[in-house]
file final-v8.csv (CSV, C-alpha atoms)
chain,number,residue,atom,x,y,z
Z,1,MET,CA,-15.4,-28.2,185.3
Z,2,GLU,CA,-16.5,-31.8,184.7
Z,3,GLY,CA,-19.5,-32.0,182.3
Z,4,TRP,CA,-21.6,-34.1,184.6
Z,5,LYS,CA,-21.6,-31.4,187.3
Z,6,LYS,CA,-23.8,-29.2,185.1
Z,7,ASN,CA,-26.6,-31.8,185.5
Z,8,LEU,CA,-26.6,-31.8,189.3
Z,9,ARG,CA,-29.8,-30.4,190.9
Z,10,GLU,CA,-29.0,-27.5,193.1
Z,11,ILE,CA,-31.6,-26.4,195.7
Z,12,GLU,CA,-31.5,-24.6,199.1
Z,13,PRO,CA,-32.6,-27.3,201.5
Z,14,TYR,CA,-34.8,-27.1,204.5
Z,15,THR,CA,-32.9,-26.6,207.7
Z,16,PRO,CA,-34.3,-28.7,210.6
Z,17,GLY,CA,-34.0,-27.7,214.2
Z,18,GLU,CA,-30.8,-28.6,216.0
Z,19,GLN,CA,-30.8,-32.1,217.5
Z,20,PRO,CA,-28.4,-31.9,220.4
Z,21,ASP,CA,-27.6,-34.9,222.7
Z,22,LYS,CA,-26.2,-33.5,225.9
Z,23,ALA,CA,-26.5,-34.7,229.5
Z,24,GLY,CA,-28.9,-32.5,231.5
Z,25,MET,CA,-30.1,-30.5,228.5
Z,26,ILE,CA,-33.6,-29.0,228.2
Z,27,LYS,CA,-34.7,-29.4,224.6
Z,28,LEU,CA,-37.4,-26.8,223.7
Z,29,ASN,CA,-36.4,-26.2,220.1
Z,30,THR,CA,-38.3,-28.7,217.9
Z,31,ASN,CA,-41.8,-28.9,219.4
Z,32,GLU,CA,-41.6,-32.4,220.5
Z,33,ASN,CA,-44.0,-33.7,223.2
Z,34,PRO,CA,-42.2,-33.9,226.6
Z,35,TYR,CA,-44.2,-37.0,227.6
Z,36,PRO,CA,-43.9,-40.6,226.4
Z,37,PRO,CA,-46.3,-42.2,224.0
Z,38,ALA,CA,-49.4,-44.0,225.2
Z,39,PRO,CA,-48.9,-47.1,227.5
Z,40,GLY,CA,-50.2,-49.3,224.7
Z,41,VAL,CA,-47.4,-48.2,222.5
Z,42,LEU,CA,-44.7,-49.0,225.1
Z,43,LYS,CA,-46.3,-52.4,225.6
Z,44,ALA,CA,-46.3,-53.1,221.8
Z,45,ILE,CA,-42.7,-52.1,221.6
Z,46,LYS,CA,-41.7,-54.6,224.3
Z,47,GLU,CA,-43.8,-57.4,222.7
Z,48,PHE,CA,-42.7,-56.7,219.1
Z,49,SER,CA,-41.0,-59.7,217.5
Z,50,PRO,CA,-37.8,-58.9,215.6
Z,51,ASP,CA,-38.6,-61.9,213.4
Z,52,LYS,CA,-41.3,-59.8,211.8
Z,53,LEU,CA,-38.8,-57.5,210.3
Z,54,ARG,CA,-37.9,-60.0,207.6
Z,55,LEU,CA,-41.4,-59.4,206.1
Z,56,TYR,CA,-42.6,-56.5,204.0
Z,57,PRO,CA,-45.2,-54.2,205.8
Z,58,ASN,CA,-48.7,-53.7,204.5
Z,59,ALA,CA,-48.3,-51.6,201.4
Z,60,GLU,CA,-51.6,-49.8,202.0
Z,61,SER,CA,-50.8,-48.9,205.6
Z,62,LEU,CA,-54.2,-50.5,206.4
Z,63,PRO,CA,-53.6,-50.9,210.2
Z,64,ILE,CA,-53.2,-47.2,210.7
Z,65,VAL,CA,-55.7,-46.2,208.0
Z,66,GLU,CA,-58.4,-48.3,209.7
Z,67,ALA,CA,-57.6,-47.1,213.2
Z,68,LEU,CA,-57.7,-43.4,212.0
Z,69,ALA,CA,-60.9,-44.1,210.1
Z,70,GLU,CA,-62.5,-45.4,213.3
Z,71,PHE,CA,-61.1,-42.5,215.4
Z,72,TYR,CA,-62.5,-39.8,213.2
Z,73,GLY,CA,-65.6,-41.5,211.9
Z,74,ARG,CA,-64.4,-41.5,208.3
Z,75,LYS,CA,-64.2,-44.0,205.5
Z,76,LYS,CA,-60.8,-45.6,205.0
Z,77,GLU,CA,-60.8,-44.4,201.4
Z,78,GLU,CA,-60.6,-40.9,202.8
Z,79,ILE,CA,-57.3,-41.4,204.6
Z,80,PHE,CA,-53.7,-41.3,203.3
Z,81,VAL,CA,-50.8,-42.3,205.5
Z,82,GLY,CA,-47.1,-41.3,205.0
Z,83,VAL,CA,-43.8,-41.1,206.7
Z,84,GLY,CA,-44.5,-38.0,208.9
Z,85,SER,CA,-46.6,-35.1,207.7
Z,86,ASP,CA,-43.6,-33.9,205.7
Z,87,ASP,CA,-43.9,-36.9,203.5
Z,88,VAL,CA,-47.6,-36.5,203.2
Z,89,LEU,CA,-47.3,-32.9,202.1
Z,90,ALA,CA,-44.5,-33.7,199.6
Z,91,VAL,CA,-46.8,-36.3,198.0
Z,92,ALA,CA,-49.6,-33.8,198.0
Z,93,TYR,CA,-47.5,-31.3,196.1
Z,94,MET,CA,-46.7,-33.9,193.4
Z,95,ALA,CA,-50.3,-35.2,193.2
Z,96,LEU,CA,-52.4,-32.0,193.6
Z,97,PHE,CA,-50.3,-29.0,192.6
Z,98,ASN,CA,-49.9,-29.4,188.8
Z,99,SER,CA,-51.1,-26.0,187.5
Z,100,ASP,CA,-49.0,-23.4,185.8
Z,101,LYS,CA,-50.6,-20.9,188.3
Z,102,PRO,CA,-48.8,-20.3,191.6
Z,103,ILE,CA,-49.8,-21.9,194.8
Z,104,LEU,CA,-50.3,-19.5,197.7
Z,105,PHE,CA,-49.0,-19.7,201.3
Z,106,PRO,CA,-48.0,-17.1,203.9
Z,107,ASP,CA,-44.6,-15.4,204.0
Z,108,ILE,CA,-44.1,-16.5,207.6
Z,109,THR,CA,-45.0,-20.2,208.0
Z,110,TYR,CA,-43.4,-23.6,207.9
Z,111,SER,CA,-40.2,-23.1,206.0
Z,112,PHE,CA,-40.5,-26.4,204.1
Z,113,TYR,CA,-43.3,-25.1,201.9
Z,114,ASP,CA,-41.1,-23.1,199.6
Z,115,VAL,CA,-38.5,-25.8,199.6
Z,116,TRP,CA,-41.0,-28.3,198.2
Z,117,ALA,CA,-42.2,-25.8,195.7
Z,118,GLU,CA,-38.6,-25.3,194.4
Z,119,LEU,CA,-37.9,-29.1,194.5
Z,120,PHE,CA,-41.0,-30.1,192.6
Z,121,ARG,CA,-40.9,-27.0,190.4
Z,122,VAL,CA,-44.3,-25.8,191.5
Z,123,PRO,CA,-44.7,-22.0,191.0
Z,124,PHE,CA,-45.6,-20.3,194.3
Z,125,ARG,CA,-46.4,-16.9,195.8
Z,126,GLN,CA,-45.8,-16.0,199.4
Z,127,ILE,CA,-48.6,-13.8,200.8
Z,128,PRO,CA,-47.5,-11.4,203.7
Z,129,LEU,CA,-49.2,-11.9,207.0
Z,130,ASP,CA,-50.5,-8.7,208.6
Z,131,GLU,CA,-48.7,-6.9,211.5
Z,132,ASN,CA,-50.2,-9.3,214.0
Z,133,PHE,CA,-49.1,-12.4,212.0
Z,134,ARG,CA,-52.6,-13.0,210.9
Z,135,ILE,CA,-53.9,-14.0,207.5
Z,136,ARG,CA,-55.9,-11.5,205.4
Z,137,LYS,CA,-58.4,-13.9,203.9
Z,138,GLU,CA,-59.1,-11.7,200.9
Z,139,ASP,CA,-55.4,-12.1,199.8
Z,140,TYR,CA,-56.4,-15.7,198.9
Z,141,PHE,CA,-59.4,-14.8,196.8
Z,142,ILE,CA,-57.3,-14.6,193.7
Z,143,GLU,CA,-56.5,-17.0,190.8
Z,144,ASN,CA,-54.0,-19.7,192.0
Z,145,GLY,CA,-52.9,-23.3,191.5
Z,146,GLY,CA,-53.6,-24.2,195.1
Z,147,VAL,CA,-53.6,-22.9,198.7
Z,148,LEU,CA,-51.5,-24.2,201.6
Z,149,LEU,CA,-52.1,-22.9,205.1
Z,150,ALA,CA,-50.8,-24.1,208.5
Z,151,ASN,CA,-53.5,-23.6,211.1
Z,152,PRO,CA,-52.4,-23.1,213.8
Z,153,ASN,CA,-49.5,-21.5,212.1
Z,154,ALA,CA,-45.8,-22.2,212.8
Z,155,PRO,CA,-43.7,-20.6,213.9
Z,156,THR,CA,-46.1,-17.8,215.0
Z,157,SER,CA,-48.6,-20.1,217.0
Z,158,VAL,CA,-51.5,-18.1,215.6
Z,159,ASN,CA,-54.8,-19.8,215.0
Z,160,GLU,CA,-57.3,-18.6,212.4
Z,161,SER,CA,-61.0,-19.0,212.8
Z,162,LEU,CA,-62.8,-21.8,211.1
Z,163,GLU,CA,-65.0,-19.1,209.4
Z,164,ASN,CA,-62.0,-17.5,207.7
Z,165,ILE,CA,-60.7,-20.9,206.7
Z,166,GLU,CA,-64.0,-21.8,205.1
Z,167,ASP,CA,-64.2,-18.5,203.3
Z,168,ILE,CA,-60.9,-19.2,201.7
Z,169,ILE,CA,-62.0,-22.7,200.6
Z,170,LYS,CA,-65.3,-21.3,199.3
Z,171,HIS,CA,-63.4,-18.7,197.2
Z,172,ASN,CA,-61.2,-21.4,195.6
Z,173,PRO,CA,-63.4,-24.1,194.1
Z,174,ASP,CA,-61.1,-24.7,191.2
Z,175,SER,CA,-57.9,-25.5,193.3
Z,176,VAL,CA,-57.0,-27.8,196.2
Z,177,VAL,CA,-56.8,-26.1,199.6
Z,178,ILE,CA,-54.5,-27.9,202.1
Z,179,ILE,CA,-54.8,-27.2,205.8
Z,180,ASP,CA,-51.7,-28.3,207.7
Z,181,GLU,CA,-53.0,-29.1,211.2
Z,182,ALA,CA,-49.8,-30.4,212.9
Z,183,TYR,CA,-50.7,-28.4,216.1
Z,184,VAL,CA,-54.5,-28.3,216.0
Z,185,ASP,CA,-54.9,-30.6,219.0
Z,186,PHE,CA,-53.5,-27.9,221.4
Z,187,GLY,CA,-56.5,-25.6,221.1
Z,188,GLY,CA,-56.9,-25.0,217.4
Z,189,ASN,CA,-59.9,-25.2,215.2
Z,190,THR,CA,-59.9,-28.2,212.9
Z,191,ALA,CA,-61.3,-27.9,209.5
Z,192,LEU,CA,-62.4,-31.6,209.5
Z,193,PRO,CA,-66.1,-30.7,209.7
Z,194,LEU,CA,-65.7,-29.0,206.3
Z,195,ILE,CA,-64.6,-32.1,204.4
Z,196,ASP,CA,-68.1,-33.2,203.6
Z,197,LYS,CA,-68.9,-29.7,202.2
Z,198,TYR,CA,-65.8,-29.2,200.0
Z,199,ASP,CA,-64.3,-31.9,197.9
Z,200,ASN,CA,-61.2,-29.7,197.2
Z,201,LEU,CA,-60.2,-29.7,200.9
Z,202,LEU,CA,-57.3,-31.8,202.3
Z,203,ILE,CA,-56.5,-31.9,206.0
Z,204,VAL,CA,-53.0,-33.0,207.1
Z,205,GLN,CA,-52.1,-34.0,210.6
Z,206,THR,CA,-49.3,-35.8,212.4
Z,207,PHE,CA,-48.4,-38.2,215.2
Z,208,SER,CA,-45.3,-36.1,216.0
Z,209,LYS,CA,-46.8,-33.6,218.4
Z,210,ALA,CA,-49.9,-34.6,220.4
Z,211,ARG,CA,-49.3,-38.3,220.1
Z,212,SER,CA,-45.6,-38.1,221.2
Z,213,MET,CA,-44.2,-40.1,218.2
Z,214,ALA,CA,-41.9,-37.7,216.4
Z,215,GLY,CA,-39.3,-40.4,216.3
Z,216,MET,CA,-41.6,-42.9,214.6
Z,217,ARG,CA,-42.4,-40.6,211.6
Z,218,VAL,CA,-46.2,-41.0,211.0
Z,219,GLY,CA,-48.4,-38.5,209.3
Z,220,TYR,CA,-51.7,-38.6,207.5
Z,221,ALA,CA,-54.2,-36.7,205.4
Z,222,ILE,CA,-58.0,-36.8,205.3
Z,223,GLY,CA,-60.0,-35.7,202.2
Z,224,ASN,CA,-62.3,-37.0,199.6
Z,225,PRO,CA,-61.4,-40.3,198.0
Z,226,GLU,CA,-60.3,-38.8,194.7
Z,227,LEU,CA,-57.7,-36.7,196.4
Z,228,ILE,CA,-56.5,-39.7,198.4
Z,229,ARG,CA,-56.4,-41.9,195.3
Z,230,ALA,CA,-54.3,-39.4,193.4
Z,231,MET,CA,-51.8,-39.3,196.4
Z,232,ASN,CA,-51.7,-43.0,196.6
Z,233,ASP,CA,-50.9,-43.3,192.9
Z,234,ILE,CA,-47.9,-41.0,193.4
Z,235,LYS,CA,-46.8,-42.9,196.5
Z,236,TYR,CA,-46.9,-46.3,194.8
Z,237,SER,CA,-45.1,-44.9,191.8
Z,238,PHE,CA,-41.8,-44.4,193.8
Z,239,ASN,CA,-42.1,-46.5,197.0
Z,240,SER,CA,-44.8,-49.1,197.6
Z,241,TYR,CA,-43.7,-49.7,201.2
Z,242,THR,CA,-43.3,-46.2,202.8
Z,243,MET,CA,-44.5,-47.2,206.3
Z,244,ASN,CA,-42.2,-49.6,208.2
Z,245,LEU,CA,-43.7,-52.4,210.2
Z,246,PRO,CA,-42.9,-51.1,213.7
Z,247,ALA,CA,-44.5,-47.7,212.8
Z,248,LEU,CA,-47.7,-49.5,211.5
Z,249,THR,CA,-47.8,-51.5,214.7
Z,250,PHE,CA,-47.1,-48.8,217.3
Z,251,ALA,CA,-49.1,-46.0,215.7
Z,252,VAL,CA,-52.3,-48.1,216.0
Z,253,GLU,CA,-51.9,-48.3,219.7
Z,254,ALA,CA,-51.4,-44.5,219.9
Z,255,VAL,CA,-54.7,-44.0,218.2
Z,256,LYS,CA,-56.6,-46.4,220.4
Z,257,ASP,CA,-55.9,-44.6,223.7
Z,258,ARG,CA,-58.2,-41.6,223.6
Z,259,ALA,CA,-57.9,-41.0,227.4
Z,260,TYR,CA,-54.1,-40.7,227.4
Z,261,PHE,CA,-54.2,-38.6,224.3
Z,262,THR,CA,-56.6,-36.1,226.0
Z,263,GLU,CA,-54.7,-36.2,229.3
Z,264,ASN,CA,-51.3,-35.3,227.6
Z,265,ILE,CA,-52.8,-32.5,225.6
Z,266,ASN,CA,-54.4,-31.0,228.7
Z,267,LYS,CA,-51.1,-31.2,230.7
Z,268,ILE,CA,-49.3,-29.3,228.0
Z,269,MET,CA,-52.0,-26.6,227.7
Z,270,GLU,CA,-51.9,-26.1,231.5
Z,271,THR,CA,-48.2,-25.7,231.4
Z,272,ARG,CA,-48.5,-23.4,228.5
Z,273,SER,CA,-50.9,-21.1,230.4
Z,274,LYS,CA,-48.6,-20.9,233.4
Z,275,THR,CA,-45.6,-20.2,231.2
Z,276,MET,CA,-47.4,-17.5,229.4
Z,277,GLU,CA,-48.3,-15.7,232.6
Z,278,GLU,CA,-44.7,-15.9,233.9
Z,279,LEU,CA,-43.3,-14.6,230.6
Z,280,LYS,CA,-45.8,-11.7,230.5
Z,281,SER,CA,-44.5,-10.7,234.0
Z,282,LEU,CA,-41.0,-10.4,232.5
Z,283,ALA,CA,-42.3,-8.1,229.7
Z,284,PHE,CA,-42.3,-10.6,226.9
Z,285,THR,CA,-45.1,-10.4,224.3
Z,286,PHE,CA,-46.4,-13.1,222.0
Z,287,PRO,CA,-49.5,-14.2,220.1
Z,288,ASP,CA,-52.1,-16.2,222.0
Z,289,SER,CA,-50.7,-19.7,221.4
Z,290,LYS,CA,-52.9,-22.5,220.2
Z,291,THR,CA,-49.9,-24.8,219.8
Z,292,ASN,CA,-47.4,-26.6,222.0
Z,293,PHE,CA,-45.0,-23.7,221.7
Z,294,LEU,CA,-44.8,-19.9,222.3
Z,295,PHE,CA,-43.4,-17.3,219.9
Z,296,ILE,CA,-41.9,-14.7,222.2
Z,297,THR,CA,-40.2,-11.4,221.8
Z,298,HIS,CA,-38.9,-8.7,224.2
Z,299,GLU,CA,-38.7,-5.0,223.5
Z,300,LYS,CA,-35.3,-4.6,225.2
Z,301,CYS,CA,-33.6,-8.0,225.1
Z,302,PRO,CA,-32.3,-9.1,221.6
Z,303,ALA,CA,-33.7,-12.5,220.8
Z,304,LYS,CA,-30.4,-13.6,219.2
Z,305,ASP,CA,-28.5,-12.8,222.5
Z,306,LEU,CA,-31.0,-14.6,224.7
Z,307,PHE,CA,-30.9,-17.6,222.3
Z,308,ALA,CA,-27.1,-17.8,222.7
Z,309,ALA,CA,-27.2,-17.4,226.5
Z,310,LEU,CA,-29.8,-20.2,226.8
Z,311,LYS,CA,-27.8,-22.5,224.6
Z,312,ASN,CA,-24.8,-21.9,226.7
Z,313,GLU,CA,-26.9,-23.2,229.6
Z,314,ASN,CA,-27.9,-26.3,227.6
Z,315,ILE,CA,-31.4,-24.9,227.2
Z,316,PHE,CA,-32.2,-25.2,223.5
Z,317,VAL,CA,-34.9,-23.0,221.8
Z,318,ARG,CA,-35.4,-22.0,218.1
Z,319,TYR,CA,-34.1,-18.8,216.6
Z,320,PHE,CA,-35.0,-17.8,213.0
Z,321,ASN,CA,-32.7,-15.3,211.4
Z,322,LYS,CA,-35.3,-14.1,208.9
Z,323,PRO,CA,-37.0,-10.9,208.1
Z,324,ARG,CA,-39.8,-9.8,210.4
Z,325,ILE,CA,-39.2,-12.5,213.0
Z,326,ASP,CA,-35.5,-12.1,213.8
Z,327,ASN,CA,-36.3,-10.8,217.2
Z,328,TYR,CA,-38.5,-13.7,218.2
Z,329,LEU,CA,-37.7,-17.1,219.8
Z,330,ARG,CA,-39.9,-20.2,219.4
Z,331,VAL,CA,-40.1,-22.0,222.7
Z,332,THR,CA,-41.6,-25.5,222.9
Z,333,ILE,CA,-43.7,-26.3,226.0
Z,334,GLY,CA,-41.9,-28.9,228.0
Z,335,THR,CA,-42.7,-30.3,231.4
Z,336,ASP,CA,-43.6,-28.0,234.4
Z,337,GLU,CA,-40.1,-28.6,235.7
Z,338,GLU,CA,-38.4,-27.8,232.4
Z,339,MET,CA,-40.4,-24.6,231.9
Z,340,LYS,CA,-39.6,-23.5,235.5
Z,341,THR,CA,-35.9,-23.9,234.8
Z,342,PHE,CA,-36.3,-22.0,231.6
Z,343,VAL,CA,-38.2,-19.1,233.1
Z,344,THR,CA,-35.8,-19.0,236.1
Z,345,PHE,CA,-32.8,-18.6,233.9
Z,346,VAL,CA,-34.5,-16.1,231.6
Z,347,LYS,CA,-35.5,-13.9,234.6
Z,348,LYS,CA,-31.9,-14.0,235.9
Z,349,TYR,CA,-30.5,-13.2,232.5
Z,350,LEU,CA,-32.9,-10.2,232.0
Z,351,THR,CA,-32.1,-8.9,235.5
Z,352,ASP,CA,-28.3,-9.3,235.2
Z,353,ASN,CA,-28.4,-7.4,231.9
Z,354,ASN,CA,-30.7,-4.6,233.1
Z,355,TYR,CA,-33.5,-5.6,230.7
Z,356,ILE,CA,-36.0,-5.5,233.5

call {"tool": "encode", "arguments": {"input": "final-v8.csv", "output": "structure tokens"}}
result
Amino acid sequence: MEGWKKNLREIEPYTPGEQPDKAGMIKLNTNENPYPPAPGVLKAIKEFSPDKLRLYPNAESLPIVEALAEFYGRKKEEIFVGVGSDDVLAVAYMALFNSDKPILFPDITYSFYDVWAELFRVPFRQIPLDENFRIRKEDYFIENGGVLLANPNAPTSVNESLENIEDIIKHNPDSVVIIDEAYVDFGGNTALPLIDKYDNLLIVQTFSKARSMAGMRVGYAIGNPELIRAMNDIKYSFNSYTMNLPALTFAVEAVKDRAYFTENINKIMETRSKTMEELKSLAFTFPDSKTNFLFITHEKCPAKDLFAALKNENIFVRYFNKPRIDNYLRVTIGTDEEMKTFVTFVKKYLTDNNYI
């Protein structure tokens, strides 16, 4: 064995959802928004001058920072912008989790959390959710180096009350509590009102879901200026220009259009409600979703078999071959037409195989 190989960093990487590109497919596996970005975004794309690409973008991401500050009624010093919420969270790990005590997060949650912990050599402890996939808040009233919670959670779609979230923050005054709110716009309870009460709270959100810009990679964090300064110091230490110029330009337009933002969210939530009722009639069970996806299981039909059958029909959903959730499928809410096609196939499959 060559000596240099001993110095290679080995880590089990995060596995992203499959990104198929097939004619006529229905893609319900990566929680993308089925509708296009705001009209102002499309207009800005058409008017964007390629000549601008020869210039460096604003290093402080000020166009987006200022737009978000106005949207949320915050100071610009309270906002950090990164290349998707994944980038924001990775920077947060480096800037805010530097204790020899373990950070805490649930055993069933976004599977990047433990990958970052391994990558950045942050000690961690995974706290089991209860039998209903809910957090037991008392489990987080222990000594730790930080707390990270997705609310609403993924892949379970469960939303915890703001009271429980605040109680966890209140019991952890000596560590940073990060609330990952990637799906909060679809009916969840944002912890943003708590920022003025707790200087150890950081809220992370994204443009990928509600704002229909997963392909643009824009995420952000809101917290007290000290937390944001620490994160910016990390960012500028390895890449001063993390946000590209098109992203800076187009994301601003997405923030400006509140009416389109609300309209899109409402359409998805209406489709979600209809789909939930249809799946209940087919004997599926699932948590009450406050996200743009459902986490479904069937007592008789194995999730892995249904996943394969759907894939064979060019209908893509997400299957997790992991303990406790290996009989569940995560199904993104698409358009009414897409969900009708999905439900129609599932009903036929269940009937043909005598599951209903």

call {"tool": "atom_distance", "arguments": {"input": "final-v8.csv", "atom1": "CA of Met276 in chain Z", "atom2": "CA of Arg136 in chain Z"}}
result
26.2 Å

call {"tool": "atom_distance", "arguments": {"input": "final-v8.csv", "atom1": "CA of Pro323 in chain Z", "atom2": "CA of Gln205 in chain Z"}}
result
27.7 Å

call {"tool": "residues_around", "arguments": {"input": "final-v8.csv", "residues": "range 149-152 of chain Z", "least_positions_apart": "5", "cutoff": "6 Å", "atoms": "all atoms listed in the file", "output": "ChimeraX atom specification"}}
result
/Z:105,157-159,179-181

call {"tool": "residues_near_point", "arguments": {"input": "final-v8.csv", "point": "(-37.7, -29.3, 232.0)", "cutoff": "12 Å", "atoms": "all atoms listed in the file", "output": "count of residues only"}}
result
26

call {"tool": "atom_distance", "arguments": {"input": "final-v8.csv", "atom1": "CA of Ile169 in chain Z", "atom2": "CA of Thr109 in chain Z"}}
result
18.7 Å

call {"tool": "residues_around", "arguments": {"input": "final-v8.csv", "residues": "range 163-165 of chain Z", "least_positions_apart": "2", "cutoff": "12 Å", "atoms": "only C-alpha atoms", "output": "PyMOL selection string"}}
result
chain Z and resi 134-141+147-152+159-161+167-172+177-180+189-194+198+201+203

call {"tool": "closest_residue", "arguments": {"input": "final-v8.csv", "among": "Z:Leu306, Z:Ala182, Z:Ala259, Z:Ile45", "to": "Ala214 in chain Z", "atoms": "only C-alpha atoms"}}
result
Z:Ala182

call {"tool": "closest_residue", "arguments": {"input": "final-v8.csv", "among": "Z:Phe48, Z:Tyr14, Z:Phe124, Z:Tyr220", "to": "Thr249 in chain Z", "atoms": "all atoms listed in the file"}}
result
Z:Phe48

call {"tool": "closest_residue", "arguments": {"input": "final-v8.csv", "among": "Z:Lys311, Z:Lys235, Z:Lys304, Z:Arg229", "to": "Val83 in chain Z", "atoms": "only C-alpha atoms"}}
result
Z:Lys235

call {"tool": "closest_residue", "arguments": {"input": "final-v8.csv", "among": "Z:Ile127, Z:Ile234, Z:Val115, Z:Leu104", "to": "Glu143 in chain Z", "atoms": "all atoms listed in the file"}}
result
Z:Leu104

call {"tool": "closest_residue", "arguments": {"input": "final-v8.csv", "among": "Z:Ser212, Z:Ser85, Z:Ser281, Z:Ser49", "to": "Tyr260 in chain Z", "atoms": "only C-alpha atoms"}}
result
Z:Ser212

call {"tool": "closest_residue", "arguments": {"input": "final-v8.csv", "among": "Z:Gly17, Z:Pro246, Z:Pro36, Z:Gly146", "to": "Lys209 in chain Z", "atoms": "only C-alpha atoms"}}
result
Z:Pro36

call {"tool": "residues_near_point", "arguments": {"input": "final-v8.csv", "point": "(-48.3, -38.1, 218.2)", "cutoff": "10 Å", "atoms": "all atoms listed in the file", "output": "ChimeraX atom specification"}}
result
/Z:32-33,36-38,182,205-219,251,254-255,261

call {"tool": "residues_around", "arguments": {"input": "final-v8.csv", "residues": "Glu18 in chain Z", "least_positions_apart": "5", "cutoff": "9 Å", "atoms": "all atoms listed in the file", "output": "MDAnalysis selection string"}}
result
chainID Z and resid 29:30 316 318

call {"tool": "closest_atom_pairs", "arguments": {"input": "final-v8.csv", "of": "range 176-225 of chain Z", "to": "range 290-298 of chain Z", "cutoff": "6 Å", "atoms": "all atoms listed in the file", "output": "Markdown table"}}
result
| residue | atom | partner | partner_atom | distance |
| --- | --- | --- | --- | --- |
| Z:Tyr183 | CA | Z:Thr291 | CA | 5.2 |
| Z:Phe186 | CA | Z:Thr291 | CA | 5.0 |
| Z:Gly187 | CA | Z:Lys290 | CA | 4.8 |
| Z:Gly188 | CA | Z:Lys290 | CA | 5.5 |

call {"tool": "axis_aligned_box", "arguments": {"input": "final-v8.csv", "around": "range 332-337 of chain Z", "padding_each_side": "4 Å", "output": "AutoDock Vina command-line options"}}
result
--center_x -41.9 --center_y -27.9 --center_z 229.3 --size_x 11.6 --size_y 12.8 --size_z 20.8
